[in-house]
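Asker: Next comes data.cif, mmCIF, C-alpha atoms:
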data_query
loop_
_atom_site.label_atom_id
_atom_site.label_comp_id
_atom_site.auth_asym_id
_atom_site.auth_seq_id
_atom_site.Cartn_x
_atom_site.Cartn_y
_atom_site.Cartn_z
CA MET A 1 -36.13 -22.47 -29.09
CA SER A 2 -38.23 -23.45 -26.05
CA PHE A 3 -41.99 -23.82 -25.71
CA SER A 4 -44.38 -23.12 -22.86
CA VAL A 5 -47.85 -24.55 -22.30
CA ALA A 6 -49.34 -21.11 -22.94
CA GLN A 7 -47.53 -20.84 -26.26
CA SER A 8 -48.68 -24.30 -27.20
CA GLU A 9 -52.32 -23.44 -26.59
CA SER A 10 -52.07 -20.46 -28.94
CA MET A 11 -50.77 -22.49 -31.87
CA ASN A 12 -52.81 -24.70 -34.14
CA SER A 13 -50.55 -27.27 -35.79
CA PHE A 14 -51.63 -30.28 -33.75
CA SER A 15 -52.14 -33.53 -35.61
CA GLN A 16 -55.70 -34.24 -36.56
CA GLY A 17 -57.51 -35.82 -33.66
CA SER A 18 -54.65 -35.65 -31.19
CA PRO A 19 -55.42 -35.30 -27.46
CA GLY A 20 -54.81 -32.03 -25.63
CA ARG A 21 -54.03 -30.63 -22.19
CA ASP A 22 -57.48 -31.54 -20.89
CA SER A 23 -57.20 -35.17 -22.02
CA SER A 24 -56.37 -37.90 -19.52
CA LEU A 25 -52.97 -39.56 -19.44
CA ASN A 26 -54.58 -42.85 -20.45
CA THR A 27 -56.13 -41.17 -23.49
CA TRP A 28 -52.73 -39.86 -24.50
CA ILE A 29 -51.05 -43.23 -24.04
CA ASP A 30 -53.70 -45.05 -26.08
CA TRP A 31 -53.26 -42.45 -28.84
CA LEU A 32 -49.48 -42.71 -28.76
CA LEU A 33 -49.56 -46.49 -29.02
CA ALA A 34 -51.54 -46.15 -32.25
CA LEU A 35 -49.57 -43.21 -33.63
CA HIS A 36 -46.57 -45.01 -35.12
CA ALA A 37 -46.89 -48.21 -37.12
CA GLN A 38 -43.71 -49.66 -35.60
CA GLU A 39 -43.22 -50.40 -31.91
CA VAL A 40 -39.47 -49.87 -32.32
CA ASP A 41 -37.92 -47.56 -34.92
CA LEU A 42 -34.30 -47.09 -33.95
CA GLY A 43 -32.47 -43.91 -34.91
CA LEU A 44 -31.71 -40.50 -33.43
CA GLU A 45 -32.41 -38.07 -36.25
CA ARG A 46 -36.12 -37.57 -35.63
CA VAL A 47 -36.11 -37.51 -31.85
CA SER A 48 -32.99 -35.28 -31.73
CA LEU A 49 -34.68 -32.76 -34.00
CA ILE A 50 -37.65 -32.42 -31.65
CA ALA A 51 -35.42 -32.27 -28.58
CA LYS A 52 -33.55 -29.34 -30.10
CA ARG A 53 -36.79 -27.60 -31.02
CA LEU A 54 -37.83 -27.86 -27.38
CA GLY A 55 -34.39 -27.01 -26.02
CA ILE A 56 -34.15 -30.20 -23.97
CA ASP A 57 -31.16 -31.96 -25.52
CA LYS A 58 -29.35 -31.05 -22.27
CA PRO A 59 -32.06 -31.69 -19.65
CA ALA A 60 -29.87 -31.18 -16.57
CA PRO A 61 -26.49 -29.72 -15.57
CA PHE A 62 -25.20 -33.30 -15.19
CA VAL A 63 -26.50 -36.37 -17.02
CA ILE A 64 -25.71 -40.04 -16.38
CA SER A 65 -26.78 -42.61 -18.98
CA VAL A 66 -27.11 -46.29 -18.06
CA ALA A 67 -27.12 -49.12 -20.61
CA GLY A 68 -26.82 -52.90 -20.40
CA THR A 69 -28.88 -56.05 -20.71
CA ASN A 70 -29.49 -56.74 -17.03
CA GLY A 71 -29.10 -54.59 -13.93
CA LYS A 72 -29.89 -51.23 -15.58
CA GLY A 73 -33.00 -50.51 -13.56
CA SER A 74 -31.42 -51.55 -10.27
CA SER A 75 -28.35 -49.40 -10.99
CA VAL A 76 -30.54 -46.39 -11.80
CA ALA A 77 -32.48 -46.95 -8.57
CA MET A 78 -29.24 -47.03 -6.56
CA LEU A 79 -27.87 -43.91 -8.24
CA SER A 80 -31.12 -42.09 -7.55
CA ALA A 81 -31.27 -43.17 -3.89
CA ILE A 82 -27.65 -42.16 -3.24
CA LEU A 83 -27.87 -38.81 -5.01
CA ASP A 84 -31.14 -38.08 -3.23
CA ALA A 85 -29.49 -38.89 0.11
CA GLN A 86 -26.76 -36.39 -0.77
CA GLY A 87 -29.41 -33.70 -1.29
CA TYR A 88 -29.42 -33.41 -5.07
CA ARG A 89 -32.60 -32.92 -7.07
CA VAL A 90 -32.64 -36.07 -9.20
CA GLY A 91 -34.70 -36.99 -12.23
CA THR A 92 -34.78 -40.65 -13.31
CA TYR A 93 -36.12 -42.13 -16.51
CA THR A 94 -36.62 -45.90 -16.80
CA SER A 95 -38.65 -48.37 -18.86
CA PRO A 96 -40.85 -50.26 -19.11
CA HIS A 97 -43.28 -49.64 -16.28
CA ILE A 98 -45.09 -52.31 -14.28
CA LEU A 99 -48.42 -50.74 -13.30
CA ARG A 100 -48.40 -47.01 -14.09
CA PHE A 101 -46.73 -45.10 -16.89
CA ASN A 102 -45.65 -42.54 -14.26
CA GLU A 103 -43.15 -45.08 -12.91
CA ARG A 104 -40.94 -44.20 -15.87
CA ILE A 105 -40.45 -40.57 -14.88
CA GLN A 106 -39.56 -39.82 -11.27
CA LEU A 107 -38.23 -36.90 -9.25
CA ASN A 108 -36.27 -37.95 -6.18
CA GLY A 109 -37.87 -41.37 -6.22
CA GLN A 110 -41.45 -40.11 -6.56
CA MET A 111 -43.54 -40.61 -9.69
CA VAL A 112 -44.51 -37.36 -11.40
CA GLU A 113 -48.19 -36.42 -11.63
CA ASP A 114 -50.38 -37.28 -14.62
CA GLN A 115 -50.81 -33.61 -15.55
CA GLN A 116 -47.06 -33.05 -15.77
CA ILE A 117 -46.82 -35.83 -18.33
CA VAL A 118 -49.92 -34.64 -20.22
CA ASP A 119 -48.48 -31.11 -20.39
CA ALA A 120 -45.20 -32.51 -21.70
CA PHE A 121 -46.97 -34.64 -24.32
CA THR A 122 -48.94 -31.59 -25.42
CA LEU A 123 -45.78 -29.57 -26.00
CA ILE A 124 -44.07 -32.42 -27.81
CA GLU A 125 -47.06 -32.94 -30.10
CA GLU A 126 -46.99 -29.25 -30.97
CA ALA A 127 -43.24 -29.24 -31.59
CA ARG A 128 -43.08 -32.38 -33.69
CA ALA A 129 -45.39 -31.11 -36.45
CA GLU A 130 -44.85 -33.53 -39.34
CA VAL A 131 -42.16 -35.63 -37.66
CA LYS A 132 -43.17 -39.18 -36.75
CA LEU A 133 -42.30 -40.38 -33.26
CA THR A 134 -42.71 -43.73 -31.53
CA TYR A 135 -44.33 -44.23 -28.12
CA PHE A 136 -40.87 -44.63 -26.56
CA GLU A 137 -39.55 -41.49 -28.24
CA PHE A 138 -42.53 -39.49 -26.95
CA SER A 139 -41.90 -40.93 -23.48
CA THR A 140 -38.21 -40.05 -23.58
CA LEU A 141 -38.86 -36.49 -24.70
CA ALA A 142 -41.50 -36.09 -21.98
CA ALA A 143 -38.98 -37.14 -19.34
CA LEU A 144 -36.35 -34.73 -20.64
CA LEU A 145 -38.87 -31.89 -20.77
CA ILE A 146 -40.08 -32.53 -17.23
CA PHE A 147 -36.50 -32.70 -15.92
CA LYS A 148 -35.61 -29.43 -17.65
CA ASN A 149 -38.71 -27.65 -16.33
CA SER A 150 -38.17 -29.09 -12.83
CA ARG A 151 -34.57 -27.86 -12.85
CA VAL A 152 -33.08 -31.10 -11.61
CA ASP A 153 -29.42 -31.13 -10.66
CA VAL A 154 -28.80 -34.49 -12.27
CA ALA A 155 -30.73 -36.69 -14.70
CA VAL A 156 -30.19 -40.46 -14.67
CA LEU A 157 -31.41 -41.99 -17.93
CA GLU A 158 -31.90 -45.69 -18.58
CA VAL A 159 -31.42 -46.78 -22.18
CA GLY A 160 -34.41 -48.70 -23.48
CA LEU A 161 -32.89 -50.89 -26.19
CA GLY A 162 -29.26 -51.22 -27.22
CA GLY A 163 -27.62 -47.85 -26.81
CA ARG A 164 -26.18 -46.21 -29.90
CA LEU A 165 -29.52 -45.70 -31.66
CA ASP A 166 -31.80 -45.57 -28.62
CA ALA A 167 -33.74 -42.32 -28.11
CA VAL A 168 -32.01 -41.72 -24.76
CA ASN A 169 -28.72 -41.40 -26.60
CA LEU A 170 -29.78 -38.08 -28.12
CA VAL A 171 -28.37 -36.63 -24.89
CA ASP A 172 -24.59 -36.34 -24.63
CA ALA A 173 -24.17 -37.89 -21.19
CA ASP A 174 -21.54 -36.51 -18.84
CA ALA A 175 -20.91 -40.04 -17.53
CA ALA A 176 -21.96 -43.53 -18.56
CA LEU A 177 -22.55 -46.83 -16.78
CA ILE A 178 -22.80 -50.13 -18.64
CA THR A 179 -24.13 -53.09 -16.67
CA ALA A 180 -24.16 -56.82 -17.48
CA ILE A 181 -24.22 -57.58 -21.20
CA ASP A 182 -26.09 -60.55 -22.66
CA VAL A 183 -28.07 -61.54 -25.73
CA ASP A 184 -31.52 -59.93 -25.77
CA HIS A 185 -33.85 -58.24 -28.28
CA VAL A 186 -32.40 -60.46 -31.01
CA ASP A 187 -34.72 -59.05 -33.69
CA TRP A 188 -33.07 -55.64 -33.35
CA LEU A 189 -29.65 -56.30 -31.79
CA GLY A 190 -28.83 -59.76 -33.14
CA ASP A 191 -27.36 -62.67 -31.18
CA ASP A 192 -23.68 -61.66 -31.25
CA ARG A 193 -22.62 -60.51 -27.77
CA SER A 194 -19.64 -58.64 -29.21
CA VAL A 195 -21.87 -56.62 -31.56
CA ILE A 196 -24.35 -55.99 -28.74
CA ALA A 197 -21.53 -54.63 -26.55
CA THR A 198 -20.54 -52.20 -29.29
CA GLU A 199 -24.15 -50.99 -29.56
CA LYS A 200 -24.25 -50.36 -25.81
CA ALA A 201 -20.85 -48.66 -25.97
CA GLY A 202 -22.48 -46.00 -28.12
CA ILE A 203 -23.77 -44.20 -25.01
CA MET A 204 -20.20 -43.38 -23.95
CA ARG A 205 -18.64 -40.09 -25.00
CA SER A 206 -15.06 -39.17 -25.76
CA GLN A 207 -13.02 -38.07 -22.73
CA ARG A 208 -16.00 -38.53 -20.39
CA PRO A 209 -15.93 -41.10 -17.56
CA ALA A 210 -17.49 -44.50 -18.05
CA VAL A 211 -17.75 -47.67 -15.97
CA CYS A 212 -18.65 -51.25 -16.92
CA SER A 213 -19.91 -53.48 -14.08
CA ASP A 214 -19.85 -56.64 -16.21
CA PRO A 215 -16.80 -58.67 -15.09
CA GLN A 216 -16.42 -60.30 -18.50
CA PRO A 217 -17.59 -57.91 -21.23
CA PRO A 218 -16.69 -58.58 -24.84
CA GLN A 219 -13.35 -57.10 -25.87
CA SER A 220 -15.25 -54.98 -28.39
CA LEU A 221 -16.38 -52.74 -25.51
CA TYR A 222 -12.82 -51.88 -24.53
CA ASP A 223 -11.79 -51.57 -28.19
CA TYR A 224 -14.55 -49.00 -28.72
CA ALA A 225 -13.42 -47.07 -25.66
CA GLN A 226 -9.80 -47.01 -26.80
CA THR A 227 -10.69 -45.93 -30.34
CA ASN A 228 -12.91 -43.12 -29.07
CA ARG A 229 -10.63 -41.95 -26.23
CA ILE A 230 -13.05 -42.93 -23.47
CA PRO A 231 -11.62 -43.45 -19.95
CA LEU A 232 -13.52 -46.71 -19.36
CA ILE A 233 -13.10 -48.41 -15.98
CA GLY A 234 -14.03 -52.09 -15.84
CA LEU A 235 -14.88 -54.60 -13.11
CA GLY A 236 -12.17 -57.25 -12.86
CA ARG A 237 -9.77 -55.18 -14.90
CA ASP A 238 -9.51 -51.83 -13.10
CA TYR A 239 -11.44 -52.43 -9.89
CA ASN A 240 -12.87 -55.25 -7.76
CA PHE A 241 -15.18 -55.68 -4.83
CA SER A 242 -15.12 -58.01 -1.84
CA GLN A 243 -17.69 -58.91 0.79
CA THR A 244 -17.29 -59.71 4.47
CA GLY A 245 -20.53 -60.66 6.17
CA GLN A 246 -23.08 -57.91 5.56
CA ALA A 247 -20.48 -55.35 4.48
CA TRP A 248 -18.53 -54.98 1.27
CA SER A 249 -15.84 -52.76 -0.18
CA VAL A 250 -14.54 -51.59 -3.52
CA SER A 251 -10.82 -51.74 -4.25
CA GLY A 252 -8.78 -50.20 -7.06
CA LEU A 253 -8.82 -46.65 -8.32
CA ASN A 254 -5.79 -45.79 -6.16
CA GLY A 255 -7.07 -47.55 -3.06
CA GLN A 256 -10.47 -47.93 -1.43
CA ALA A 257 -13.18 -45.95 -3.17
CA CYS A 258 -15.45 -46.58 -0.19
CA SER A 259 -15.41 -49.31 2.46
CA ASP A 260 -17.82 -50.93 4.92
CA LEU A 261 -20.74 -50.47 2.57
CA PRO A 262 -24.07 -52.12 3.39
CA VAL A 263 -25.44 -54.83 1.13
CA PRO A 264 -28.05 -53.12 -1.10
CA ALA A 265 -31.65 -53.34 0.12
CA LEU A 266 -32.48 -55.08 -3.18
CA LYS A 267 -32.60 -58.88 -3.05
CA GLY A 268 -30.05 -60.99 -4.87
CA GLN A 269 -26.30 -61.43 -4.46
CA PHE A 270 -25.78 -59.97 -7.95
CA GLN A 271 -26.90 -56.57 -6.66
CA ILE A 272 -23.46 -56.03 -5.10
CA GLN A 273 -22.00 -56.29 -8.60
CA ASN A 274 -24.46 -53.64 -9.79
CA ALA A 275 -23.72 -51.49 -6.75
CA SER A 276 -19.98 -51.70 -7.36
CA GLY A 277 -20.38 -50.03 -10.73
CA VAL A 278 -22.52 -47.31 -9.18
CA VAL A 279 -19.99 -46.63 -6.42
CA VAL A 280 -17.03 -46.54 -8.82
CA LEU A 281 -18.85 -44.20 -11.22
CA LEU A 282 -19.68 -41.83 -8.37
CA SER A 283 -16.02 -41.94 -7.36
CA MET A 284 -14.96 -40.98 -10.88
CA ILE A 285 -17.29 -37.96 -11.04
CA ARG A 286 -16.83 -36.76 -7.45
CA ASN A 287 -15.28 -33.46 -8.58
CA GLU A 288 -18.38 -32.56 -10.60
CA LEU A 289 -20.94 -34.31 -8.39
CA PRO A 290 -19.58 -34.73 -4.85
CA VAL A 291 -21.11 -37.56 -2.81
CA GLU A 292 -20.09 -38.52 0.71
CA CYS A 293 -19.70 -42.12 1.85
CA GLU A 294 -22.53 -41.59 4.33
CA SER A 295 -24.88 -40.81 1.44
CA ILE A 296 -23.76 -43.93 -0.42
CA GLN A 297 -24.42 -46.02 2.68
CA LYS A 298 -27.83 -44.44 3.24
CA GLY A 299 -28.85 -44.77 -0.41
CA LEU A 300 -27.87 -48.45 -0.62
CA SER A 301 -29.74 -49.17 2.61
CA GLN A 302 -32.95 -47.50 1.43
CA VAL A 303 -33.08 -48.26 -2.31
CA ARG A 304 -36.28 -49.82 -3.66
CA HIS A 305 -37.08 -51.30 -7.07
CA PRO A 306 -40.47 -53.06 -7.54
CA GLY A 307 -40.76 -56.21 -9.62
CA ARG A 308 -37.28 -57.49 -8.89
CA LEU A 309 -37.33 -60.49 -6.53
CA GLN A 310 -40.38 -58.93 -4.91
CA THR A 311 -42.35 -61.04 -2.43
CA PHE A 312 -45.83 -60.54 -1.04
CA ASP A 313 -48.75 -62.47 0.39
CA VAL A 314 -51.90 -63.36 -1.57
CA ASP A 315 -54.60 -64.78 0.71
CA GLY A 316 -51.96 -66.57 2.77
CA GLN A 317 -50.06 -67.82 -0.28
CA ASN A 318 -46.47 -66.66 -0.86
CA TRP A 319 -45.83 -65.00 -4.23
CA LEU A 320 -42.47 -64.09 -5.73
CA VAL A 321 -42.34 -61.91 -8.85
CA ASP A 322 -39.30 -61.14 -10.96
CA VAL A 323 -38.95 -59.54 -14.38
CA ALA A 324 -36.27 -62.03 -15.51
CA HIS A 325 -36.67 -62.15 -19.29
CA ASN A 326 -33.46 -63.56 -20.75
CA PRO A 327 -31.02 -66.38 -19.87
CA GLN A 328 -28.67 -64.18 -17.82
CA SER A 329 -31.41 -62.73 -15.61
CA SER A 330 -33.07 -66.16 -15.37
CA GLN A 331 -29.82 -67.57 -14.01
CA ALA A 332 -29.68 -64.76 -11.45
CA LEU A 333 -33.22 -65.69 -10.40
CA ALA A 334 -32.24 -69.37 -10.15
CA ASP A 335 -29.21 -68.47 -8.04
CA TYR A 336 -31.49 -66.56 -5.67
CA LEU A 337 -33.91 -69.51 -5.42
CA SER A 338 -31.05 -71.90 -4.68
CA GLY A 339 -30.16 -69.81 -1.63
CA LEU A 340 -33.63 -69.87 -0.09
CA GLU A 341 -34.09 -71.88 3.09
CA ASN A 342 -37.52 -73.07 2.01
CA LYS A 343 -36.96 -75.47 -0.88
CA SER A 344 -40.64 -75.88 -1.79
CA LYS A 345 -41.18 -75.96 -5.53
CA PHE A 346 -43.23 -73.23 -7.18
CA THR A 347 -46.23 -72.93 -9.39
CA ALA A 348 -44.78 -70.82 -12.19
CA LEU A 349 -47.06 -68.25 -13.80
CA PHE A 350 -45.09 -67.84 -17.01
CA SER A 351 -45.22 -66.07 -20.35
CA VAL A 352 -42.46 -64.68 -22.53
CA LEU A 353 -42.07 -62.47 -25.60
CA ASN A 354 -41.40 -64.19 -28.89
CA ASP A 355 -38.06 -62.47 -29.59
CA LYS A 356 -36.39 -63.86 -26.46
CA ASP A 357 -33.94 -66.75 -26.11
CA SER A 358 -36.61 -68.56 -24.12
CA LEU A 359 -35.55 -72.22 -24.24
CA PRO A 360 -32.54 -71.82 -21.92
CA MET A 361 -34.68 -69.60 -19.68
CA VAL A 362 -37.15 -72.44 -19.06
CA LYS A 363 -34.39 -75.03 -18.62
CA ILE A 364 -32.66 -72.84 -16.02
CA LEU A 365 -35.79 -72.43 -13.86
CA SER A 366 -37.36 -75.87 -14.35
CA PRO A 367 -35.69 -77.46 -11.29
CA TRP A 368 -37.59 -75.05 -9.02
CA VAL A 369 -41.01 -75.45 -10.68
CA GLU A 370 -43.57 -78.16 -9.99
CA ARG A 371 -46.33 -76.94 -12.29
CA TRP A 372 -46.62 -74.32 -15.03
CA VAL A 373 -49.52 -71.94 -15.64
CA ILE A 374 -49.11 -70.29 -19.04
CA THR A 375 -51.06 -67.63 -20.90
CA ASP A 376 -50.76 -65.47 -24.01
CA LEU A 377 -49.98 -61.86 -23.04
CA ALA A 378 -52.08 -60.71 -26.01
CA ILE A 379 -49.72 -57.89 -26.98
CA PRO A 380 -47.34 -57.37 -29.91
CA ARG A 381 -44.39 -59.81 -29.68
CA SER A 382 -46.24 -62.09 -27.25
CA THR A 383 -45.82 -65.86 -27.60
CA SER A 384 -48.99 -67.81 -28.37
CA LEU A 385 -50.32 -70.46 -26.04
CA THR A 386 -49.49 -73.14 -28.60
CA ASP A 387 -45.90 -71.97 -28.88
CA LEU A 388 -45.54 -71.63 -25.10
CA HIS A 389 -46.78 -75.20 -24.70
CA GLU A 390 -44.31 -76.45 -27.30
CA LEU A 391 -41.51 -74.46 -25.66
CA LEU A 392 -42.10 -76.13 -22.30
CA LEU A 393 -42.24 -79.60 -23.83
CA LYS A 394 -39.01 -78.94 -25.72
CA ALA A 395 -37.38 -77.91 -22.44
CA GLY A 396 -38.33 -81.24 -20.90
CA VAL A 397 -41.38 -80.14 -18.89
CA ALA A 398 -43.91 -82.95 -18.38
CA GLU A 399 -47.20 -82.56 -20.25
CA ASP A 400 -49.31 -83.14 -17.14
CA SER A 401 -47.63 -80.25 -15.30
CA ILE A 402 -48.66 -77.65 -17.90
CA MET A 403 -51.92 -75.72 -17.47
CA GLN A 404 -53.03 -73.34 -20.23
CA MET A 405 -55.28 -70.36 -19.58
CA GLU A 406 -56.72 -67.98 -22.16
CA THR A 407 -56.27 -64.77 -20.16
CA MET A 408 -53.98 -63.46 -17.42
CA ASP A 409 -56.99 -63.02 -15.12
CA ASP A 410 -57.77 -66.72 -15.47
CA ALA A 411 -54.10 -67.64 -15.07
CA VAL A 412 -53.82 -65.67 -11.82
CA GLU A 413 -57.05 -67.22 -10.53
CA LEU A 414 -55.72 -70.70 -11.26
CA ALA A 415 -52.36 -69.94 -9.64
CA CYS A 416 -54.18 -68.80 -6.51
CA GLU A 417 -55.92 -72.19 -6.34
CA GLN A 418 -52.67 -74.17 -6.39
CA TYR A 419 -50.91 -75.46 -3.31
CA GLY A 420 -47.57 -73.87 -2.41
CA PRO A 421 -45.76 -70.70 -3.50
CA VAL A 422 -46.19 -68.95 -6.85
CA LEU A 423 -43.40 -67.59 -9.05
CA VAL A 424 -44.32 -64.98 -11.68
CA TRP A 425 -41.62 -64.44 -14.29
CA GLY A 426 -40.67 -64.35 -17.99
CA SER A 427 -41.28 -60.71 -18.93
CA PHE A 428 -41.96 -57.24 -17.57
CA PHE A 429 -45.37 -57.64 -19.18
CA THR A 430 -46.04 -60.93 -17.39
CA VAL A 431 -45.33 -59.27 -14.05
CA SER A 432 -47.33 -56.17 -14.98
CA GLN A 433 -50.42 -58.09 -16.10
CA ALA A 434 -50.26 -60.37 -13.06
CA PHE A 435 -50.12 -57.35 -10.75
CA GLN A 436 -53.06 -55.78 -12.56
CA ALA A 437 -55.11 -58.97 -12.21
CA LEU A 438 -54.27 -59.23 -8.50
CA GLU A 439 -55.09 -55.57 -7.98
CA THR A 440 -58.43 -55.90 -9.79
CA THR A 441 -59.49 -58.78 -7.55
CA LYS A 442 -58.04 -57.04 -4.46
CA ARG A 443 -56.07 -60.18 -3.61
CA ILE A 444 -52.80 -58.45 -2.65
CA THR A 445 -52.68 -58.17 1.12
CA GLY A 446 -49.06 -57.24 1.77
#
In structure tokens, how does this file's structure come out?
Answerer:
Amino acid sequence: MSFSVAQSESMNSFSQGSPGRDSSLNTWIDWLLALHAQEVDLGLERVSLIAKRLGIDKPAPFVISVAGTNGKGSSVAMLSAILDAQGYRVGTYTSPHILRFNERIQLNGQMVEDQQIVDAFTLIEEARAEVKLTYFEFSTLAALLIFKNSRVDVAVLEVGLGGRLDAVNLVDADAALITAIDVDHVDWLGDDRSVIATEKAGIMRSQRPAVCSDPQPPQSLYDYAQTNRIPLIGLGRDYNFSQTGQAWSVSGLNGQACSDLPVPALKGQFQIQNASGVVVLLSMIRNELPVECESIQKGLSQVRHPGRLQTFDVDGQNWLVDVAHNPQSSQALADYLSGLENKSKFTALFSVLNDKDSLPMVKILSPWVERWVITDLAIPRSTSLTDLHELLLKAGVAEDSIMQMETMDDAVELACEQYGPVLVWGSFFTVSQAFQALETTKRITG
């Protein structure tokens, strides 16, 4: 069964007090955040039921799902840029967003309009009736509905948390990509990398192509693939990549999958690892989704992904923001900093969620930081100022280099007053709130 906006307006089973088609997107989002008592409620039964009611459990002729701890968003961005360059109509779903909710749902690299999302929310609210949905489940369903109505050729879906029980996994993907695997979201996924790999493996489907771009994944990933008859191709096992100057190539898979590829337009040496998985996956599905090497080259040269090693100027002061939020991504950030010509130490504007393995994160970045500006993000799962202070001391940070601010606005203001460059990191939310504060004060100049 499928629903239209007109049908929705003629029916009267909306929840008491829910927004409607004429409500703003911000009104809807505020309502959704208060709708479900739990921020995360893993499981597919509820969200799959609504997807089937709406007829969106297959949102596109071809679906690619992407899971992993780090590199998911960058890999989705590369897939989208390459497929767009080939001429496909591409829908991408990612999370979380940095400034606008619309960042999560894009068509050929462009955010969809507020009204498209509001219309989708309206239909989902009508279809769910008595079924409880989380904010993320509503978001996922909205993306699938928009992709179906927009008649995209291919949907690229980023898994939000884990894989097996994530809302995105309601869709039986035609191909799967698993990026770097590390410990993260310990409250839901635990701290066993082998178990985490099995959770992420849940997005793969029997006899459908899958690629892992982690060079050293837990054996449990390959065991899962073998048990479930999944043709999983892995970096370091089935394929490799090599770089010469500003070009790189993929080898394996019966020879060169594609050679003389440009280094991705995203900063960081690790992006070639992410790109290798993208290129190999596209090679595996070329019969169903043909892509020429020229499109791969163009897509890699033009790909963009805000919030990842992003630099800009604030009143003459250099700022670097990165959403590194676990030890693995923090190490990637440190590796990038070690390669910079300018070795000036940073003022770190830092905050982290309380379910992260944050002590090694701080220890990894400490050599590049002269002073720390910390603040409580004031959201669920945020770490208090007291705990942030204790965390830094435990990591060996000197007391006199720690500055505590009550709000992000105050933290940004203080960072702007410091001498030298500023590094914003620790969480997507840290980056998002810092951007919002800079935007409010109109300090961003480039």
Asker: In Å to one decimal, how far is CA of Ala348 (chain A) from CA of Glu370 (chain A)?
Answerer: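 Computing it gives 7.8 Å between the two atoms.
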Asker: At what distance in Å, to one decimal, does CA of Asp355 (chain A) lie from CA of Ala275 (chain A)?
Answerer: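 Distance between the two atoms: 29.1 Å.
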Asker: Once the PyMOL selection byres ((chain A and resi 104) around 9) has been applied to the shown file, what residues remain in the selection, as a list in words?
Answerer: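 For this structure, the PyMOL selection byres ((chain A and resi 104) around 9) resolves to Thr92, Tyr93, Thr94, Ser95, Pro96, His97, Arg100, Phe101, Asn102, Glu103, Ile105, Gln106, Met111, Val112, Ser139 and Ala143 of chain A.
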Asker: Evaluate the PyMOL selection byres ((chain A and resi 127) around 8) against this structure - the residues, as a PyMOL selection string, please.
Answerer: chain A and resi 50+53-54+123-126+128-129
Asker: Could you save the residues just selected, with C-alpha atoms, as a PDB file, in the frame of the given file?
Answerer:
ATOM      1  CA  ILE A  50     -37.650 -32.420 -31.650  1.00  0.00           C
ATOM      2  CA  ARG A  53     -36.790 -27.600 -31.020  1.00  0.00           C
ATOM      3  CA  LEU A  54     -37.830 -27.860 -27.380  1.00  0.00           C
ATOM      4  CA  LEU A 123     -45.780 -29.570 -26.000  1.00  0.00           C
ATOM      5  CA  ILE A 124     -44.070 -32.420 -27.810  1.00  0.00           C
ATOM      6  CA  GLU A 125     -47.060 -32.940 -30.100  1.00  0.00           C
ATOM      7  CA  GLU A 126     -46.990 -29.250 -30.970  1.00  0.00           C
ATOM      8  CA  ARG A 128     -43.080 -32.380 -33.690  1.00  0.00           C
ATOM      9  CA  ALA A 129     -45.390 -31.110 -36.450  1.00  0.00           C
TER      10      ALA A 129
END
Asker: How would you write, as a list in words, the residues chosen by the PyMOL selection byres ((chain A and resi 295) around 9) on this structure?
Answerer: Ala81, Ile82, Leu83, Asp84, Ala85, Gln86, Gly87, Val291, Glu292, Cys293, Glu294, Ile296, Gln297, Lys298, Gly299 and Leu300 of chain A
Asker: Return as lines of an AutoDock Vina configuration file the centre and edge lengths, in Å with one decimal, of the box along x, y and z that encloses every atom of region 345-355 of chain A in the file, padded by 8 Å per side.
Answerer:
center_x = -42.6
center_y = -69.2
center_z = -17.6
size_x = 25.0
size_y = 29.5
size_z = 40.1
Asker: For region 379-394 of chain A, work out the shell of residues within 8 Å, counting only C-alpha atoms and skipping chain neighbours fewer than 6 positions away, then give it as a list in words.
Answerer: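 Counting only C-alpha atoms, the residues come to Ser351, Val352, Leu353, Asn354, Asp355, Ser358, Leu359, Val362, Ile402, Gln404 and Glu406 of chain A.
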Asker: Give me the residues within 12 Å of Ser23 (chain A) as an mmCIF file with C-alpha atoms, keeping the file's coordinate frame, counting only C-alpha atoms and dropping any in the same chain fewer than 3 places off.
Answerer:
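See out16.cif below for the written result:
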data_model
loop_
_atom_site.group_PDB
_atom_site.id
_atom_site.type_symbol
_atom_site.label_atom_id
_atom_site.label_comp_id
_atom_site.auth_asym_id
_atom_site.auth_seq_id
_atom_site.Cartn_x
_atom_site.Cartn_y
_atom_site.Cartn_z
ATOM 1 C CA GLY A 17 -57.510 -35.820 -33.660
ATOM 2 C CA SER A 18 -54.650 -35.650 -31.190
ATOM 3 C CA PRO A 19 -55.420 -35.300 -27.460
ATOM 4 C CA GLY A 20 -54.810 -32.030 -25.630
ATOM 5 C CA ASN A 26 -54.580 -42.850 -20.450
ATOM 6 C CA THR A 27 -56.130 -41.170 -23.490
ATOM 7 C CA TRP A 28 -52.730 -39.860 -24.500
ATOM 8 C CA ILE A 29 -51.050 -43.230 -24.040
ATOM 9 C CA ASP A 30 -53.700 -45.050 -26.080
ATOM 10 C CA TRP A 31 -53.260 -42.450 -28.840
ATOM 11 C CA ASP A 114 -50.380 -37.280 -14.620
ATOM 12 C CA GLN A 115 -50.810 -33.610 -15.550
ATOM 13 C CA ILE A 117 -46.820 -35.830 -18.330
ATOM 14 C CA VAL A 118 -49.920 -34.640 -20.220
ATOM 15 C CA ASP A 119 -48.480 -31.110 -20.390
ATOM 16 C CA PHE A 121 -46.970 -34.640 -24.320
ATOM 17 C CA THR A 122 -48.940 -31.590 -25.420
#
Asker: Which one of A:Val66, A:Leu107, A:Ala395, A:Ala332 sits closest to Ala210 (chain A) if you count only C-alpha atoms?
Answerer: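 With only C-alpha atoms as the atom set, the closest residue is A:Val66.
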